[in-house]
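Novice: What follows is the file input_31.txt, containing compact mmCIF, C-alpha atoms and all ligand atoms:
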```
# COMPACT_ATOMS: atom_id res chain seq x y z
CA MET W 1 138.18 136.67 141.22
CA ARG W 2 136.39 135.87 137.93
CA ALA W 3 134.70 138.84 136.27
CA ASN W 4 133.43 139.81 132.80
CA ARG W 5 134.45 142.65 130.52
CA VAL W 6 134.39 143.89 126.93
CA MET W 7 137.67 144.19 125.01
CA ILE W 8 138.58 145.87 121.70
CA THR W 9 140.29 143.05 119.83
CA THR W 10 141.67 145.32 117.10
CA PRO W 11 140.66 148.78 115.77
CA GLY W 12 137.56 148.53 113.58
CA PRO W 13 133.75 148.32 113.36
CA PRO W 14 131.48 147.42 116.33
CA GLU W 15 132.06 143.70 115.75
CA VAL W 16 135.68 143.98 116.98
CA LEU W 17 134.26 144.22 120.53
CA ARG W 18 134.45 140.93 122.46
CA TYR W 19 132.61 140.12 125.70
CA GLU W 20 134.79 137.76 127.75
CA PRO W 21 135.51 136.47 131.25
CA TYR W 22 138.72 137.67 132.91
CA GLU W 23 140.71 137.23 136.11
CA LEU W 24 140.59 140.34 138.33
CA ALA W 25 143.27 140.85 141.01
CA ALA W 26 142.48 142.30 144.45
CA PRO W 27 142.61 146.14 144.64
CA GLY W 28 146.16 147.49 144.89
CA PRO W 29 147.31 150.40 147.08
CA GLY W 30 145.05 153.43 146.55
CA GLU W 31 142.49 151.41 144.60
CA ALA W 32 138.90 150.32 145.14
CA LEU W 33 137.20 147.21 143.78
CA LEU W 34 133.79 148.13 142.32
CA ARG W 35 130.75 146.05 141.54
CA GLN W 36 129.52 148.12 138.62
CA THR W 37 125.77 148.50 138.28
CA ALA W 38 125.53 150.78 135.22
CA ILE W 39 128.07 151.88 132.59
CA GLY W 40 127.96 155.08 130.51
CA LEU W 41 127.90 154.78 126.71
CA ASN W 42 129.83 157.67 125.15
CA TYR W 43 130.79 158.73 121.66
CA ILE W 44 134.43 158.66 122.70
CA ASP W 45 134.08 154.88 123.17
CA ILE W 46 133.47 154.66 119.42
CA GLN W 47 136.58 156.73 118.77
CA HIS W 48 138.64 154.41 120.98
CA ARG W 49 137.18 151.33 119.29
CA SER W 50 137.57 152.57 115.71
CA GLY W 51 141.19 153.62 116.14
CA ARG W 52 140.48 157.33 115.64
CA TYR W 53 142.06 157.72 119.09
CA ALA W 54 144.84 155.15 118.79
CA LEU W 55 145.54 152.95 121.80
CA PRO W 56 149.04 151.70 122.65
CA GLN W 57 148.17 148.01 122.19
CA TYR W 58 145.39 145.57 121.39
CA PRO W 59 143.40 143.78 122.73
CA ALA W 60 142.52 146.86 124.79
CA PRO W 61 139.90 147.56 127.46
CA ILE W 62 137.21 150.15 126.68
CA GLY W 63 134.91 152.57 128.51
CA THR W 64 135.48 155.56 130.77
CA GLU W 65 132.37 155.88 132.94
CA ALA W 66 130.30 153.84 135.39
CA ALA W 67 128.44 153.79 138.69
CA GLY W 68 128.57 151.05 141.29
CA ILE W 69 129.21 149.87 144.79
CA VAL W 70 132.56 149.60 146.56
CA GLU W 71 133.24 145.93 147.38
CA ALA W 72 136.73 146.30 148.87
CA VAL W 73 139.53 148.85 149.16
CA GLY W 74 143.30 148.54 148.88
CA ALA W 75 145.97 149.75 151.28
CA GLY W 76 145.91 153.46 152.09
CA VAL W 77 142.28 154.11 151.08
CA ASP W 78 140.49 155.78 153.99
CA THR W 79 137.94 157.95 152.16
CA LEU W 80 135.77 155.02 151.02
CA ALA W 81 134.38 151.85 152.58
CA PRO W 82 132.68 148.72 151.26
CA GLY W 83 129.02 149.45 150.54
CA ASP W 84 129.58 153.05 149.40
CA ARG W 85 127.79 154.10 146.18
CA VAL W 86 130.12 155.88 143.76
CA ALA W 87 130.50 156.93 140.13
CA TYR W 88 133.38 158.03 137.90
CA SER W 89 134.37 159.29 134.49
CA SER W 90 138.05 158.62 134.16
CA LEU W 91 140.97 156.91 132.52
CA PRO W 92 142.35 154.26 132.39
CA LEU W 93 139.93 152.60 130.00
CA GLY W 94 138.08 149.59 131.37
CA ALA W 95 134.59 150.70 132.40
CA TYR W 96 132.91 148.04 130.21
CA ALA W 97 133.07 145.40 132.98
CA ASP W 98 130.90 144.01 135.75
CA PHE W 99 133.74 144.29 138.30
CA ARG W 100 136.90 146.40 138.08
CA CYS W 101 139.55 148.09 140.21
CA ILE W 102 140.17 151.83 139.85
CA ALA W 103 142.02 154.57 141.77
CA ALA W 104 139.85 155.64 144.73
CA GLU W 105 140.69 159.31 144.08
CA ARG W 106 138.78 159.18 140.79
CA LEU W 107 135.55 158.09 142.52
CA VAL W 108 132.77 160.53 143.41
CA PRO W 109 130.35 159.58 146.22
CA LEU W 110 126.74 159.46 144.98
CA PRO W 111 123.91 161.27 146.75
CA ALA W 112 121.03 158.93 147.69
CA GLU W 113 118.63 160.67 145.29
CA VAL W 114 120.78 160.04 142.16
CA PRO W 115 120.06 156.52 140.83
CA ASP W 116 123.01 154.49 139.51
CA THR W 117 121.58 154.51 135.98
CA VAL W 118 121.40 158.31 135.94
CA ALA W 119 124.87 158.64 137.48
CA ALA W 120 126.35 156.41 134.77
CA GLY W 121 124.55 158.47 132.14
CA ILE W 122 125.64 161.84 133.44
CA MET W 123 129.18 161.82 134.82
CA THR W 124 130.91 162.35 131.49
CA LYS W 125 128.18 164.27 129.70
CA GLY W 126 127.09 166.40 132.66
CA LEU W 127 130.60 167.30 133.82
CA THR W 128 131.49 168.15 130.21
CA ALA W 129 128.44 170.38 129.87
CA HIS W 130 129.35 171.99 133.19
CA TYR W 131 132.86 173.01 132.18
CA LEU W 132 131.71 174.09 128.71
CA ILE W 133 129.09 176.56 129.96
CA PHE W 134 130.70 177.68 133.21
CA THR W 135 134.42 177.66 132.32
CA THR W 136 135.10 177.57 128.56
CA TYR W 137 132.49 180.21 127.75
CA PRO W 138 130.44 181.37 130.75
CA VAL W 139 126.89 181.53 129.36
CA LYS W 140 124.93 184.58 130.52
CA ALA W 141 121.29 185.58 130.53
CA GLY W 142 120.51 187.25 127.21
CA ASP W 143 123.11 185.29 125.18
CA THR W 144 121.95 183.51 122.04
CA ILE W 145 124.08 180.40 121.61
CA LEU W 146 124.39 177.55 119.09
CA VAL W 147 124.60 173.92 120.27
CA HIS W 148 125.25 171.16 117.71
CA ALA W 149 123.78 167.66 118.14
CA ALA W 150 121.33 169.27 120.56
CA ALA W 151 119.41 166.03 121.19
CA GLY W 152 122.57 164.00 121.89
CA GLY W 153 124.12 163.19 125.25
CA VAL W 154 126.15 166.33 125.96
CA GLY W 155 123.87 168.45 123.75
CA SER W 156 120.74 167.61 125.78
CA ILE W 157 122.37 168.76 128.99
CA LEU W 158 123.86 171.89 127.40
CA CYS W 159 120.41 172.93 126.17
CA GLN W 160 118.73 172.47 129.55
CA TRP W 161 121.44 174.22 131.54
CA ALA W 162 121.94 177.13 129.13
CA LYS W 163 118.19 177.70 128.99
CA HIS W 164 118.07 177.78 132.79
CA LEU W 165 120.85 180.39 132.77
CA GLY W 166 118.66 182.62 130.62
CA ALA W 167 120.17 182.00 127.18
CA THR W 168 118.27 181.60 123.94
CA VAL W 169 119.37 178.26 122.51
CA ILE W 170 119.63 177.47 118.81
CA GLY W 171 120.36 173.77 118.26
CA THR W 172 121.09 171.48 115.33
CA VAL W 173 119.54 168.00 115.10
CA GLY W 174 119.49 165.12 112.62
CA SER W 175 115.75 164.38 112.52
CA GLU W 176 112.25 165.71 113.27
CA ALA W 177 111.98 163.42 116.30
CA LYS W 178 115.25 164.83 117.65
CA ALA W 179 113.98 168.38 117.01
CA GLU W 180 110.97 167.66 119.18
CA LEU W 181 113.14 166.21 121.95
CA ALA W 182 115.54 169.18 121.79
CA ARG W 183 112.59 171.56 122.03
CA ARG W 184 111.34 169.81 125.19
CA GLN W 185 114.84 170.25 126.63
CA GLY W 186 114.97 174.00 126.25
CA CYS W 187 116.21 174.39 122.68
CA ASP W 188 114.27 177.40 121.39
CA PHE W 189 115.10 176.91 117.71
CA PRO W 190 115.98 173.37 116.58
CA ILE W 191 117.42 173.33 113.03
CA LEU W 192 117.51 170.15 110.90
CA TYR W 193 121.08 170.49 109.66
CA THR W 194 120.64 167.40 107.52
CA LYS W 195 118.12 169.36 105.40
CA GLU W 196 118.78 173.04 106.04
CA ASP W 197 121.88 175.29 105.93
CA PHE W 198 122.29 175.93 109.65
CA ALA W 199 124.60 178.94 109.20
CA LYS W 200 121.98 180.72 107.10
CA ALA W 201 119.29 179.88 109.68
CA VAL W 202 121.45 181.19 112.54
CA MET W 203 122.06 184.46 110.72
CA GLU W 204 118.33 184.88 110.09
CA LEU W 205 117.47 184.11 113.73
CA THR W 206 120.07 186.58 115.03
CA HIS W 207 119.17 189.30 112.46
CA GLY W 208 122.62 189.05 110.90
CA LYS W 209 124.56 189.46 114.15
CA GLY W 210 125.72 185.88 114.71
CA VAL W 211 126.23 184.18 118.06
CA PRO W 212 128.97 184.74 120.68
CA VAL W 213 129.62 181.00 121.05
CA VAL W 214 129.13 177.75 119.12
CA TYR W 215 129.42 174.44 120.99
CA ASP W 216 130.48 172.10 118.20
CA SER W 217 130.80 168.34 118.80
CA VAL W 218 130.29 167.37 115.16
CA GLY W 219 133.67 168.47 113.76
CA ARG W 220 134.46 167.91 110.09
CA ASP W 221 130.92 168.39 108.70
CA SER W 222 130.10 171.52 110.73
CA PHE W 223 133.39 173.34 111.45
CA GLU W 224 133.44 175.78 108.51
CA ARG W 225 129.82 176.80 108.83
CA SER W 226 130.15 177.06 112.61
CA LEU W 227 132.80 179.74 112.06
CA SER W 228 130.42 181.68 109.85
CA CYS W 229 127.74 181.67 112.60
CA LEU W 230 129.96 183.65 114.99
CA ALA W 231 129.63 187.32 115.83
CA PRO W 232 132.92 189.31 115.75
CA ARG W 233 135.22 188.09 118.56
CA GLY W 234 133.00 185.01 119.00
CA LEU W 235 134.28 181.65 120.25
CA LEU W 236 134.05 178.30 118.48
CA VAL W 237 134.27 175.53 121.09
CA SER W 238 135.25 172.45 119.10
CA PHE W 239 134.85 169.74 121.73
CA GLY W 240 134.12 166.70 119.58
CA THR W 241 134.46 165.28 116.08
CA ALA W 242 131.56 162.83 115.67
CA SER W 243 131.60 163.32 111.87
CA GLY W 244 135.40 163.07 111.57
CA PRO W 245 138.55 165.13 112.16
CA ILE W 246 138.78 168.78 111.11
CA PRO W 247 141.32 169.37 108.30
CA PRO W 248 144.35 171.63 108.92
CA PHE W 249 143.34 175.25 109.31
CA ASP W 250 145.08 178.57 108.53
CA LEU W 251 144.98 180.58 111.79
CA PHE W 252 145.07 183.88 109.92
CA ARG W 253 141.52 183.18 108.73
CA LEU W 254 140.36 183.92 112.30
CA ASN W 255 141.66 187.47 111.82
CA ARG W 256 139.79 187.92 108.53
CA LEU W 257 136.57 186.37 109.85
CA GLY W 258 136.28 188.89 112.70
CA SER W 259 138.95 188.29 115.35
CA LEU W 260 137.40 184.92 116.17
CA TYR W 261 138.57 182.46 118.81
CA VAL W 262 138.72 178.67 118.50
CA THR W 263 139.39 176.22 121.32
CA SER W 264 139.53 172.42 121.54
CA PRO W 265 138.97 171.64 125.22
CA ALA W 266 139.54 168.25 126.88
CA PHE W 267 137.59 166.66 129.74
CA VAL W 268 140.75 165.60 131.56
CA THR W 269 142.06 169.17 131.85
CA HIS W 270 138.88 170.16 133.69
CA THR W 271 138.48 167.17 136.03
CA SER W 272 141.91 165.77 136.90
CA GLU W 273 142.36 167.84 140.06
CA ARG W 274 140.22 166.19 142.77
CA GLY W 275 138.86 169.40 144.32
CA GLU W 276 137.72 170.61 140.90
CA LEU W 277 136.15 167.23 140.08
CA LEU W 278 134.17 167.17 143.34
CA GLU W 279 133.02 170.78 142.97
CA ARG W 280 131.80 170.23 139.39
CA ALA W 281 130.04 167.01 140.50
CA ARG W 282 128.45 168.83 143.45
CA GLN W 283 127.01 171.45 141.10
CA LEU W 284 125.86 168.77 138.65
CA PHE W 285 124.04 166.77 141.33
CA GLY W 286 122.62 170.04 142.70
CA ALA W 287 121.20 170.89 139.26
CA LEU W 288 119.58 167.45 139.08
CA ALA W 289 118.10 167.81 142.56
CA ALA W 290 116.77 171.28 141.73
CA GLY W 291 115.07 169.99 138.57
CA ILE W 292 117.25 172.22 136.35
CA LEU W 293 118.40 169.05 134.56
CA ARG W 294 116.17 166.10 133.76
CA VAL W 295 118.10 163.06 132.60
CA GLU W 296 116.11 160.25 131.09
CA ILE W 297 118.03 157.19 130.02
CA GLY W 298 117.24 156.63 126.33
CA ARG W 299 118.48 153.07 125.78
CA ALA W 300 119.85 150.51 128.24
CA TYR W 301 121.76 147.62 126.64
CA PRO W 302 123.05 144.45 128.31
CA LEU W 303 126.85 144.78 128.58
CA SER W 304 127.12 141.60 126.49
CA GLU W 305 125.41 143.54 123.64
CA ALA W 306 127.98 146.34 123.43
CA VAL W 307 128.30 145.63 119.69
CA ARG W 308 124.64 146.64 119.15
CA ALA W 309 125.01 149.68 121.42
CA HIS W 310 127.97 150.94 119.39
CA ALA W 311 126.25 150.31 116.06
CA GLU W 312 123.17 152.31 117.14
CA LEU W 313 125.13 155.23 118.64
CA GLU W 314 127.29 155.45 115.52
CA ALA W 315 124.20 155.31 113.26
CA ARG W 316 122.76 158.40 115.03
CA MET W 317 119.83 156.32 116.35
CA THR W 318 120.24 157.31 120.02
CA THR W 319 119.28 160.44 121.91
CA GLY W 320 120.31 161.79 125.33
CA SER W 321 122.16 159.50 127.76
CA ASN W 322 122.46 155.77 127.14
CA ILE W 323 123.92 153.00 129.30
CA LEU W 324 125.14 149.41 129.40
CA LEU W 325 123.99 147.10 132.19
CA PRO W 326 126.35 144.39 133.48
N1 LIG Z 1 136.08 167.32 124.79
C1 LIG Z 1 135.41 166.77 125.78
O1 LIG Z 1 135.67 167.04 126.96
C2 LIG Z 1 134.28 165.83 125.48
C3 LIG Z 1 133.61 165.18 126.52
C4 LIG Z 1 132.51 164.38 126.21
C5 LIG Z 1 132.12 164.21 124.87
N2 LIG Z 1 132.85 164.82 123.90
C6 LIG Z 1 132.44 164.70 122.49
O2 LIG Z 1 131.13 165.25 122.40
C7 LIG Z 1 130.42 164.59 121.38
C8 LIG Z 1 129.10 164.13 121.92
O3 LIG Z 1 129.29 162.99 122.76
P1 LIG Z 1 128.05 162.14 123.23
O4 LIG Z 1 128.62 160.92 123.89
O5 LIG Z 1 127.11 163.01 123.98
O6 LIG Z 1 127.40 161.67 121.84
P2 LIG Z 1 126.01 162.08 121.18
O7 LIG Z 1 125.94 163.55 120.98
O8 LIG Z 1 124.90 161.43 121.94
O9 LIG Z 1 126.12 161.34 119.79
C9 LIG Z 1 126.75 161.93 118.70
C10 LIG Z 1 125.74 162.73 117.84
O10 LIG Z 1 126.48 163.48 116.89
C11 LIG Z 1 125.63 163.75 115.80
N3 LIG Z 1 126.36 163.54 114.54
C12 LIG Z 1 126.53 164.47 113.59
N4 LIG Z 1 127.20 163.97 112.57
C13 LIG Z 1 127.46 162.68 112.85
C14 LIG Z 1 128.10 161.63 112.13
N5 LIG Z 1 128.62 161.81 110.90
N6 LIG Z 1 128.18 160.41 112.71
C15 LIG Z 1 127.67 160.20 113.94
N7 LIG Z 1 127.03 161.17 114.67
C16 LIG Z 1 126.93 162.40 114.11
C17 LIG Z 1 124.42 162.82 115.91
O11 LIG Z 1 123.28 163.62 116.27
P3 LIG Z 1 122.32 164.17 115.09
O12 LIG Z 1 121.71 162.96 114.44
O13 LIG Z 1 121.31 165.00 115.79
O14 LIG Z 1 123.18 164.94 114.17
C18 LIG Z 1 124.79 161.87 117.02
O15 LIG Z 1 123.67 161.41 117.74
C19 LIG Z 1 131.33 163.51 120.84
O16 LIG Z 1 131.99 164.01 119.68
C20 LIG Z 1 132.32 163.30 121.96
O17 LIG Z 1 133.53 162.75 121.53
C21 LIG Z 1 133.90 165.61 124.18
```
Output the structure of this file as structure tokens.
Specialist:
Amino acid sequence: MRANRVMITTPGPPEVLRYEPYELAAPGPGEALLRQTAIGLNYIDIQHRSGRYALPQYPAPIGTEAAGIVEAVGAGVDTLAPGDRVAYSSLPLGAYADFRCIAAERLVPLPAEVPDTVAAGIMTKGLTAHYLIFTTYPVKAGDTILVHAAAGGVGSILCQWAKHLGATVIGTVGSEAKAELARRQGCDFPILYTKEDFAKAVMELTHGKGVPVVYDSVGRDSFERSLSCLAPRGLLVSFGTASGPIPPFDLFRLNRLGSLYVTSPAFVTHTSERGELLERARQLFGALAAGILRVEIGRAYPLSEAVRAHAELEARMTTGSNILLP
């Protein structure tokens, strides 16, 4: 069948993205054909497009997350049927499309009360937030934690969930408007790290103690000062590098800085096993249903305008979850 998709023609700026028709084969064994209704826009898409995460060849498909309706299934698929509503966050790349085929085992059935737009905006960011605060460092009532890019996609969900768990949340943000949004999402102390030294502010807020955990998605520009925000034996969770890669680091410094821990966790390690994926998704949808998480879609771009979507995400103009509509 004829379908439409976005391809990365070569690594580079947003303009290397090309919206084009393509020929889609019927679903193979174990696959489902999806009519995609909403596609998640994620910072990792920029890293795939720019070449920061090199791809084996170009032109290359792009996108890891979408929601939609099953149109047909291939041989051996008995857990899904045409008409089912599903969502995913998964490799292989190729979510920027109106129709696509994908392994049925990567698909999560959607509860009736979760709209497709919200599902596409939350699978990657919500499941990431889930593993970060329940697995990587289990946040407890009484903790004071630091979340970078607190008004961003993952950051917005981290703030809401951690606040619900009883933590005090310090967050960094790039503008006054983002500070206000972060505050509404449970961030007790938004810090404008574009104007203020966030490490100094964290030490003042914690009366010199530091925090037990920093969730750092910014990378190069924040890494050093994130370390200096930690209490002895604290954990730096470096889960993203929006500002660029972190330079090589002498491990012995962790000893000198107070027996610190650093980890660089990956989404795939926490969602590749199907039982784990479904359990994390169940808890995520449960948190939405219970009103613990409120996900408002910031910007919705036509899929054909992926170039504009990338330019705005990269320019720090977006907040929360954003989507592309086929
Ligand atoms: N390891 C994992 O499992 C995993 C999973 C999902 C996402 N991630 C990572 O988590 C991060 C957040 O992803 P997201 O999709 O939710 O994006 P996002 O937070 O909505 O967008 C990135 C934000 O980073 C901040 N930022 C700071 N310095 C920046 C710079 N130099 N250039 C651009 N942005 C900068 C900006 O917020 P301010 O203006 O407020 O500074 C910007 O809005 C990304 O680094 C992503 O790769 C990792």
Novice: Do a neighbour search on Pro92 (chain W) at 9 Å with only C-alpha atoms, toss out local chain neighbours closer than 6 positions, and write the hits as a PDB file with C-alpha atoms, in the coordinates of the input.
Specialist:
```
ATOM      1  CA  PRO W  61     139.900 147.560 127.460  1.00  0.00           C
ATOM      2  CA  ILE W  62     137.210 150.150 126.680  1.00  0.00           C
ATOM      3  CA  GLY W  63     134.910 152.570 128.510  1.00  0.00           C
ATOM      4  CA  THR W  64     135.480 155.560 130.770  1.00  0.00           C
ATOM      5  CA  ILE W 102     140.170 151.830 139.850  1.00  0.00           C
TER       6      ILE W 102
END
```
Novice: Between W:Trp161, W:Ser304, W:Arg35, W:Arg274, which is the closest to Pro21 (chain W) once you count all atoms listed in the file?
Specialist: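 Of W:Trp161, W:Ser304, W:Arg35, W:Arg274, the one nearest Pro21 (chain W), counting all atoms listed in the file, is W:Ser304.
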Novice: Please find the residues contacting ligand LIG 1 (chain Z) at a distance of at most 8 Å between atoms, with all atoms listed in the file counted, and report them as number ranges by chain.
Specialist: W: 41-44, 47, 124-125, 128, 148-155, 172-175, 178, 193-194, 217-219, 221, 238-244, 264-268, 313-321
Novice: Using all atoms listed in the file, tabulate the residues of region 30-59 of chain W lying at most 8 Å from any atom of region 76-87 of chain W, each with its closest atom pair and that distance in Å to one decimal, by chain and increasing residue number, as JSON lines.
Specialist:
```
{"residue": "W:Gly30", "atom": "CA", "partner": "W:Val77", "partner_atom": "CA", "distance": 5.4}
{"residue": "W:Glu31", "atom": "CA", "partner": "W:Val77", "partner_atom": "CA", "distance": 7.0}
{"residue": "W:Ala32", "atom": "CA", "partner": "W:Val77", "partner_atom": "CA", "distance": 7.8}
```
Novice: Just write the chosen residues, C-alpha atoms, as a PDB file, in the frame of the given file.
Specialist:
```
ATOM      1  CA  GLY W  30     145.050 153.430 146.550  1.00  0.00           C
ATOM      2  CA  GLU W  31     142.490 151.410 144.600  1.00  0.00           C
ATOM      3  CA  ALA W  32     138.900 150.320 145.140  1.00  0.00           C
TER       4      ALA W  32
END
```
Novice: Could you tell me how far CA of Leu325 (chain W) sits from CA of Leu107 (chain W), in Å to one decimal place?
Specialist: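 Taking CA of Leu107 (chain W) as the start and CA of Leu325 (chain W) as the end point, the length is 19.0 Å.
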Novice: Could you jot down the CA of Gly28 (chain W) to CA of Gly74 (chain W) separation for me, Å, one decimal place?
Specialist: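 One can read the CA of Gly28 (chain W) to CA of Gly74 (chain W) distance as 5.0 Å.
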Novice: Name the closest residue to Val169 (chain W) among the candidates W:Ser259, W:Ser156, W:Ser226, W:Thr144; distances are taken between atoms, counting all atoms listed in the file.
Specialist: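 Of all the options, W:Thr144 lies closest to Val169 (chain W).
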Novice: Go ahead and compute the interatomic distance for CA of Val202 (chain W) and CA of Thr168 (chain W), in Å to one decimal.
Specialist: 11.8 Å
Novice: When you count only C-alpha atoms, which of these residues is closest to Ala162 (chain W): W:Val139, W:Leu181, W:Ile292, W:Ala281?
Specialist: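 Comparing W:Val139, W:Leu181, W:Ile292, W:Ala281 against Ala162 (chain W), the winner is W:Val139.
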Novice: My list of candidates is W:Ala311, W:Arg220, W:Leu277, W:Val262. Which is closest to Leu17 (chain W) when distances are computed with only C-alpha atoms?
Specialist: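 Closest to Leu17 (chain W) of all the choices is W:Ala311.
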Novice: Could you name the residues that touch Leu34 (chain W) at 7 Å or less, counting all atoms listed in the file, but leaving out those on the same chain fewer than 3 positions away, as a PDB file with C-alpha atoms, in the frame of the given file?
Specialist:
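Once everything was written out, this is part_18.pdb:
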```pdb
ATOM      1  CA  GLY W  68     128.570 151.050 141.290  1.00  0.00           C
ATOM      2  CA  ILE W  69     129.210 149.870 144.790  1.00  0.00           C
ATOM      3  CA  VAL W  70     132.560 149.600 146.560  1.00  0.00           C
ATOM      4  CA  GLU W  71     133.240 145.930 147.380  1.00  0.00           C
ATOM      5  CA  PHE W  99     133.740 144.290 138.300  1.00  0.00           C
ATOM      6  CA  ARG W 100     136.900 146.400 138.080  1.00  0.00           C
ATOM      7  CA  CYS W 101     139.550 148.090 140.210  1.00  0.00           C
TER       8      CYS W 101
END
```
Novice: Using all atoms listed in the file, which of W:Val118, W:Ile39, W:Ile133, W:Leu235 sits nearest Ser89 (chain W)?
Specialist: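 Checking each of W:Val118, W:Ile39, W:Ile133, W:Leu235 against Ser89 (chain W), counting all atoms listed in the file, the winner is W:Ile39.
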Novice: Could you tell me which of W:Glu113, W:Asp197, W:Glu65, W:Asp143 comes closest to Val214 (chain W) if we count all atoms listed in the file?
Specialist: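 Selected residue with least distance to Val214 (chain W): W:Asp143.
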Novice: Starting from 8 Å padding per side, set up an axis-aligned box that covers all listed atoms of region 151-158 of chain W and hand over centre and edge lengths in Å, one decimal, as lines of an AutoDock Vina configuration file.
Specialist:
```
center_x = 122.8
center_y = 167.5
center_z = 125.1
size_x = 22.7
size_y = 24.7
size_z = 23.8
```
Novice: So that I can check the surroundings of Val6 (chain W), please list as a VMD selection string every protein, DNA and RNA residue that reaches within 10 Å of it, counting only C-alpha atoms and ignoring chain neighbours fewer than 3 positions away.
Specialist: chain W and resid 9 17 to 22 59 to 63 94 to 98 303 to 307
Novice: Would you mind putting back N, CA and C atoms on region 17-36 of chain W, then writing it out as a JSON list (two decimals), in the coordinates of the input?
Specialist:
```
[["chain", "number", "residue", "atom", "x", "y", "z"],
["W", 17, "LEU", "N", 134.43, 144.30, 119.07],
["W", 17, "LEU", "CA", 134.26, 144.22, 120.53],
["W", 17, "LEU", "C", 133.99, 142.76, 120.92],
["W", 18, "ARG", "N", 134.63, 142.32, 122.01],
["W", 18, "ARG", "CA", 134.45, 140.93, 122.46],
["W", 18, "ARG", "C", 134.12, 140.93, 123.95],
["W", 19, "TYR", "N", 133.01, 140.28, 124.30],
["W", 19, "TYR", "CA", 132.61, 140.12, 125.70],
["W", 19, "TYR", "C", 133.26, 138.85, 126.20],
["W", 20, "GLU", "N", 134.01, 138.94, 127.33],
["W", 20, "GLU", "CA", 134.79, 137.76, 127.75],
["W", 20, "GLU", "C", 134.98, 137.74, 129.27],
["W", 21, "PRO", "N", 135.17, 136.55, 129.84],
["W", 21, "PRO", "CA", 135.51, 136.47, 131.25],
["W", 21, "PRO", "C", 136.96, 136.88, 131.46],
["W", 22, "TYR", "N", 137.32, 137.37, 132.62],
["W", 22, "TYR", "CA", 138.72, 137.67, 132.91],
["W", 22, "TYR", "C", 139.00, 137.53, 134.40],
["W", 23, "GLU", "N", 140.27, 137.41, 134.72],
["W", 23, "GLU", "CA", 140.71, 137.23, 136.11],
["W", 23, "GLU", "C", 141.06, 138.60, 136.67],
["W", 24, "LEU", "N", 140.38, 139.01, 137.75],
["W", 24, "LEU", "CA", 140.59, 140.34, 138.33],
["W", 24, "LEU", "C", 141.34, 140.20, 139.65],
["W", 25, "ALA", "N", 142.47, 140.90, 139.77],
["W", 25, "ALA", "CA", 143.27, 140.85, 141.01],
["W", 25, "ALA", "C", 142.61, 141.71, 142.09],
["W", 26, "ALA", "N", 142.98, 141.49, 143.33],
["W", 26, "ALA", "CA", 142.48, 142.30, 144.45],
["W", 26, "ALA", "C", 142.94, 143.75, 144.25],
["W", 27, "PRO", "N", 142.21, 144.73, 144.83],
["W", 27, "PRO", "CA", 142.61, 146.14, 144.64],
["W", 27, "PRO", "C", 144.00, 146.40, 145.22],
["W", 28, "GLY", "N", 144.81, 147.13, 144.44],
["W", 28, "GLY", "CA", 146.16, 147.49, 144.89],
["W", 28, "GLY", "C", 146.12, 148.71, 145.79],
["W", 29, "PRO", "N", 147.27, 149.20, 146.23],
["W", 29, "PRO", "CA", 147.31, 150.40, 147.08],
["W", 29, "PRO", "C", 146.62, 151.57, 146.38],
["W", 30, "GLY", "N", 145.73, 152.26, 147.11],
["W", 30, "GLY", "CA", 145.05, 153.43, 146.55],
["W", 30, "GLY", "C", 143.86, 153.09, 145.67],
["W", 31, "GLU", "N", 143.57, 151.80, 145.52],
["W", 31, "GLU", "CA", 142.49, 151.41, 144.60],
["W", 31, "GLU", "C", 141.25, 150.93, 145.35],
["W", 32, "ALA", "N", 140.13, 150.94, 144.64],
["W", 32, "ALA", "CA", 138.90, 150.32, 145.14],
["W", 32, "ALA", "C", 138.43, 149.29, 144.12],
["W", 33, "LEU", "N", 137.85, 148.20, 144.65],
["W", 33, "LEU", "CA", 137.20, 147.21, 143.78],
["W", 33, "LEU", "C", 135.72, 147.58, 143.72],
["W", 34, "LEU", "N", 135.20, 147.75, 142.50],
["W", 34, "LEU", "CA", 133.79, 148.13, 142.32],
["W", 34, "LEU", "C", 132.98, 147.00, 141.73],
["W", 35, "ARG", "N", 131.76, 146.83, 142.25],
["W", 35, "ARG", "CA", 130.75, 146.05, 141.54],
["W", 35, "ARG", "C", 129.95, 147.06, 140.75],
["W", 36, "GLN", "N", 130.13, 147.06, 139.44],
["W", 36, "GLN", "CA", 129.52, 148.12, 138.62],
["W", 36, "GLN", "C", 128.06, 147.77, 138.30]]
```
